[in-house]
Every structure is written in C-alpha cells, then in structure tokens.
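Trainee: Got a structure for you, written out below as structure tokens; questions coming shortly.
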Amino acid sequence: MIIETKNLKISIVEDNDILNILQVYNSNTEFLEAHMGKQNVDVMWLEEEIKSMKESDFYSCKIVHKKTKKIIGILDFTLKEECYLSLLMLHSESKNKGYGKEIYSRFEGYAKDNACKTIRIDVVTNYNDNVLNFWKMNNFKIIDNIELNWTGKILPAAVMKKYL
C-alpha cells in the first residue's frame, strides 16, 4: 500500500485489477468523449496505457474503498522534485462524496514526505469547469496554457502548480 486515508487505500495496480479499472474509466463517458473522442476504452488500451505510464516512471494506483473493498478510482503520478499528478479519476458512482478531496489531501502529504517541492497537473480546459475549480480550491495556480496530445486528440489545457 502506498497511501491510506480514513475511507480509502491506494496501492499499485496489479494485473488482476484491470477489469475493475476499466469499469472506472468507462463510467466516465463525458471524460472519454472530451479527451479521446470515444465512449469507452477496452482492455488492450488500458493495459497499454498502464504499461506506458510505468515505462515513463509513473505509478498507476488503484483507489479501493475500505468498507466495500471495491476499486473506485485510479491515481497516476510521478515522485520527483516536481511531482506530476497525471490522473485522479473516480468511478462516476463515487463522485461528489468527498473522496477526491480526501485522496488529494493525503496525496499531497505523501508527496511532501517523498521530497517533492511542487505538484504539477495539466487540466483540460474545455471539459468540465468543476475539475478546474476543484484544483483551484486546493490552491493550485495556473502558470501556463498548453495543448495536450492524448491518443491523437489535441486538447487545450492549463498547467497548474502548487508549491509544497
């Protein structure tokens, strides 16, 4: 286990987690449509995504609800002087319950404990205003505007940072 909160355990994704992680992705159809132009992803795509993240020194972690033992999300990040938080995604049924804030709050402490000086995130700006507002409420500041290329789709994004 990497991180534990009151309600959640966060640990490295294992091979037997793939189908549950796939359900997390596919429950977020608005995200997939905005970011990839499709309604769902398949096992092959997910396995390649996790492999690619690992090869780029990212940790791909599952978020497990302690009480139900169900995987309710995924967290991808690096641990360097500038920690890069690539993805924090919850299953659509687990949104608006405070889990995102709970995860992020503990993740920030974890990053500090691992000598990270800043946390960077890139937030797609034409997707969902709630996402940008979530990071602003967690004291991230927009430092640049960029275009991301994710699976061949060009996306406008804000580079946001928080100094720890």
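Identifiers for the structure tokens are assigned positionally: chains receive A, B, ... in sequence, residues are indexed from 1 per chain, and ligands are indexed from 1 in the order shown.
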Can you tell me, as a ChimeraX atom specification, what residues are no more than 6 Å from segment 116-120 of chain A when counting only C-alpha atoms, ignoring any on the same chain fewer than 6 positions away?
Mentor: /A:80-84,160-164
Trainee: Write out as a PyMOL selection string the residues lying within 9 Å of Asn138 of chain A, counting only C-alpha atoms and excluding same-chain residues fewer than 5 positions away.
Mentor: chain A and resi 101+104-105+133+162
Trainee: Could you write out the selected residues, including all heavy atoms, as a PDB file, in the first residue's frame?
Mentor:
```
ATOM      1  N   LYS A 101     -11.336  14.960  -2.591  1.00  0.00           N
ATOM      2  CA  LYS A 101     -10.632  15.821  -1.636  1.00  0.00           C
ATOM      3  C   LYS A 101      -9.846  14.979  -0.634  1.00  0.00           C
ATOM      4  O   LYS A 101      -8.707  15.306  -0.297  1.00  0.00           O
ATOM      5  CB  LYS A 101     -11.627  16.719  -0.922  1.00  0.00           C
ATOM      6  CG  LYS A 101     -10.967  17.696   0.032  1.00  0.00           C
ATOM      7  CD  LYS A 101     -11.755  18.967   0.141  1.00  0.00           C
ATOM      8  CE  LYS A 101     -11.107  19.991   1.026  1.00  0.00           C
ATOM      9  NZ  LYS A 101      -9.846  20.504   0.541  1.00  0.00           N
ATOM     10  N   TYR A 104      -6.787  13.591  -2.526  1.00  0.00           N
ATOM     11  CA  TYR A 104      -5.789  14.611  -2.838  1.00  0.00           C
ATOM     12  C   TYR A 104      -5.085  15.107  -1.575  1.00  0.00           C
ATOM     13  O   TYR A 104      -3.863  15.261  -1.560  1.00  0.00           O
ATOM     14  CB  TYR A 104      -6.344  15.807  -3.629  1.00  0.00           C
ATOM     15  CG  TYR A 104      -5.228  16.791  -3.758  1.00  0.00           C
ATOM     16  CD1 TYR A 104      -4.164  16.506  -4.612  1.00  0.00           C
ATOM     17  CD2 TYR A 104      -5.145  17.897  -2.925  1.00  0.00           C
ATOM     18  CE1 TYR A 104      -3.058  17.328  -4.650  1.00  0.00           C
ATOM     19  CE2 TYR A 104      -4.042  18.720  -2.963  1.00  0.00           C
ATOM     20  CZ  TYR A 104      -3.000  18.428  -3.817  1.00  0.00           C
ATOM     21  OH  TYR A 104      -1.889  19.228  -3.830  1.00  0.00           O
ATOM     22  N   SER A 105      -5.826  15.346  -0.528  1.00  0.00           N
ATOM     23  CA  SER A 105      -5.235  15.845   0.714  1.00  0.00           C
ATOM     24  C   SER A 105      -4.137  14.915   1.219  1.00  0.00           C
ATOM     25  O   SER A 105      -3.037  15.342   1.569  1.00  0.00           O
ATOM     26  CB  SER A 105      -6.325  16.019   1.773  1.00  0.00           C
ATOM     27  OG  SER A 105      -5.771  16.418   2.990  1.00  0.00           O
ATOM     28  N   ASN A 133     -12.075  24.042 -11.114  1.00  0.00           N
ATOM     29  CA  ASN A 133     -12.412  24.649  -9.820  1.00  0.00           C
ATOM     30  C   ASN A 133     -11.942  23.805  -8.647  1.00  0.00           C
ATOM     31  O   ASN A 133     -11.521  24.341  -7.620  1.00  0.00           O
ATOM     32  CB  ASN A 133     -13.919  24.904  -9.724  1.00  0.00           C
ATOM     33  CG  ASN A 133     -14.367  26.002 -10.664  1.00  0.00           C
ATOM     34  OD1 ASN A 133     -13.583  26.872 -11.030  1.00  0.00           O
ATOM     35  ND2 ASN A 133     -15.612  25.951 -11.081  1.00  0.00           N
ATOM     36  N   LYS A 162       1.320  23.700  -7.599  1.00  0.00           N
ATOM     37  CA  LYS A 162       1.211  24.047  -6.193  1.00  0.00           C
ATOM     38  C   LYS A 162       2.570  23.810  -5.557  1.00  0.00           C
ATOM     39  O   LYS A 162       3.170  22.754  -5.726  1.00  0.00           O
ATOM     40  CB  LYS A 162       0.162  23.190  -5.494  1.00  0.00           C
ATOM     41  CG  LYS A 162      -0.005  23.545  -4.026  1.00  0.00           C
ATOM     42  CD  LYS A 162      -1.158  22.787  -3.407  1.00  0.00           C
ATOM     43  CE  LYS A 162      -1.365  23.239  -1.966  1.00  0.00           C
ATOM     44  NZ  LYS A 162      -2.534  22.578  -1.379  1.00  0.00           N
TER      45      LYS A 162
END
```
Trainee: Running DSSP on the backbone, which parts of segment 40-129 of chain A land in helix (DSSP H, G or I), as a ChimeraX atom specification?
Mentor: /A:43-55,92-94,99-113,129
Trainee: If I take atom CA of Tyr25 of chain A and atom CA of Asn96 of chain A, how far is one from the other in Å, to one decimal?
Mentor: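 Atom CA of Tyr25 of chain A sits 16.7 Å away from atom CA of Asn96 of chain A.
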Trainee: Between A:Val131, A:Cys61, A:Val159, A:Ile2, which has the minimum distance to Ile21 of chain A (counting only C-alpha atoms)?
Mentor: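 So, comparing all the options, the nearest one is A:Cys61.
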Trainee: Could you pull the residues within 12 Å of Leu148 of chain A, counting only C-alpha atoms, minus those fewer than 3 positions along the same chain, as a list of chain:residue names?
Mentor: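 Once the adjacent positions are removed, what remains is A:His35, A:Met36, A:Ser86, A:Ile121, A:Asp122, A:Val123, A:Val124, A:Thr125, A:Asn126, A:Asn145, A:Thr151, A:Gly152, A:Lys153, A:Ile154, A:Leu155, A:Pro156, A:Ala157, A:Ala158, A:Val159.
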Trainee: Would you kindly return, as a PyMOL selection string, each protein, DNA or RNA residue with an atom no farther than 6 Å from any atom of Ile63 of chain A, considering only C-alpha atoms and excluding same-chain residues fewer than 3 positions away?
Mentor: chain A and resi 9-10+71-74
Trainee: Kindly indicate which residue among A:Phe140, A:Tyr127, A:Trp150, A:Phe77 lies nearest to Phe31 of chain A, using only C-alpha atoms for the distances.
Mentor: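 The shortest atom-to-atom distance to Phe31 of chain A comes from A:Tyr127.
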Trainee: So which one's closest to Asn26 of chain A, A:Ile103, A:Val13, A:Leu46, A:Ile146? Using only C-alpha atoms, please.
Mentor: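 Distance minimum relative to Asn26 of chain A lands on A:Leu46.
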Trainee: Could you state the separation of atom CA of Asp57 of chain A and atom CA of Asp113 of chain A in Å, given to one decimal place?
Mentor: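 Computed distance, atom CA of Asp57 of chain A to atom CA of Asp113 of chain A, equals 18.2 Å.
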Trainee: With only C-alpha atoms as the basis for distance, which of A:Thr78, A:Lys69, A:Val64, A:Asp144 is at the shortest distance from Thr5 of chain A?
Mentor: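 For Thr5 of chain A, the nearest of the candidates is A:Val64.
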Trainee: Considering only C-alpha atoms, can you say which of A:Glu102, A:Glu147, A:Glu48, A:Asp129 comes closest to Leu8 of chain A?
Mentor: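 The answer is A:Glu102, which sits nearest to Leu8 of chain A.
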Trainee: Rounded to one decimal place, report the atom CA of Ser27 of chain A-atom CA of Glu49 of chain A distance in Å.
Mentor: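 Spanning atom CA of Ser27 of chain A to atom CA of Glu49 of chain A is a straight-line distance of 17.2 Å.
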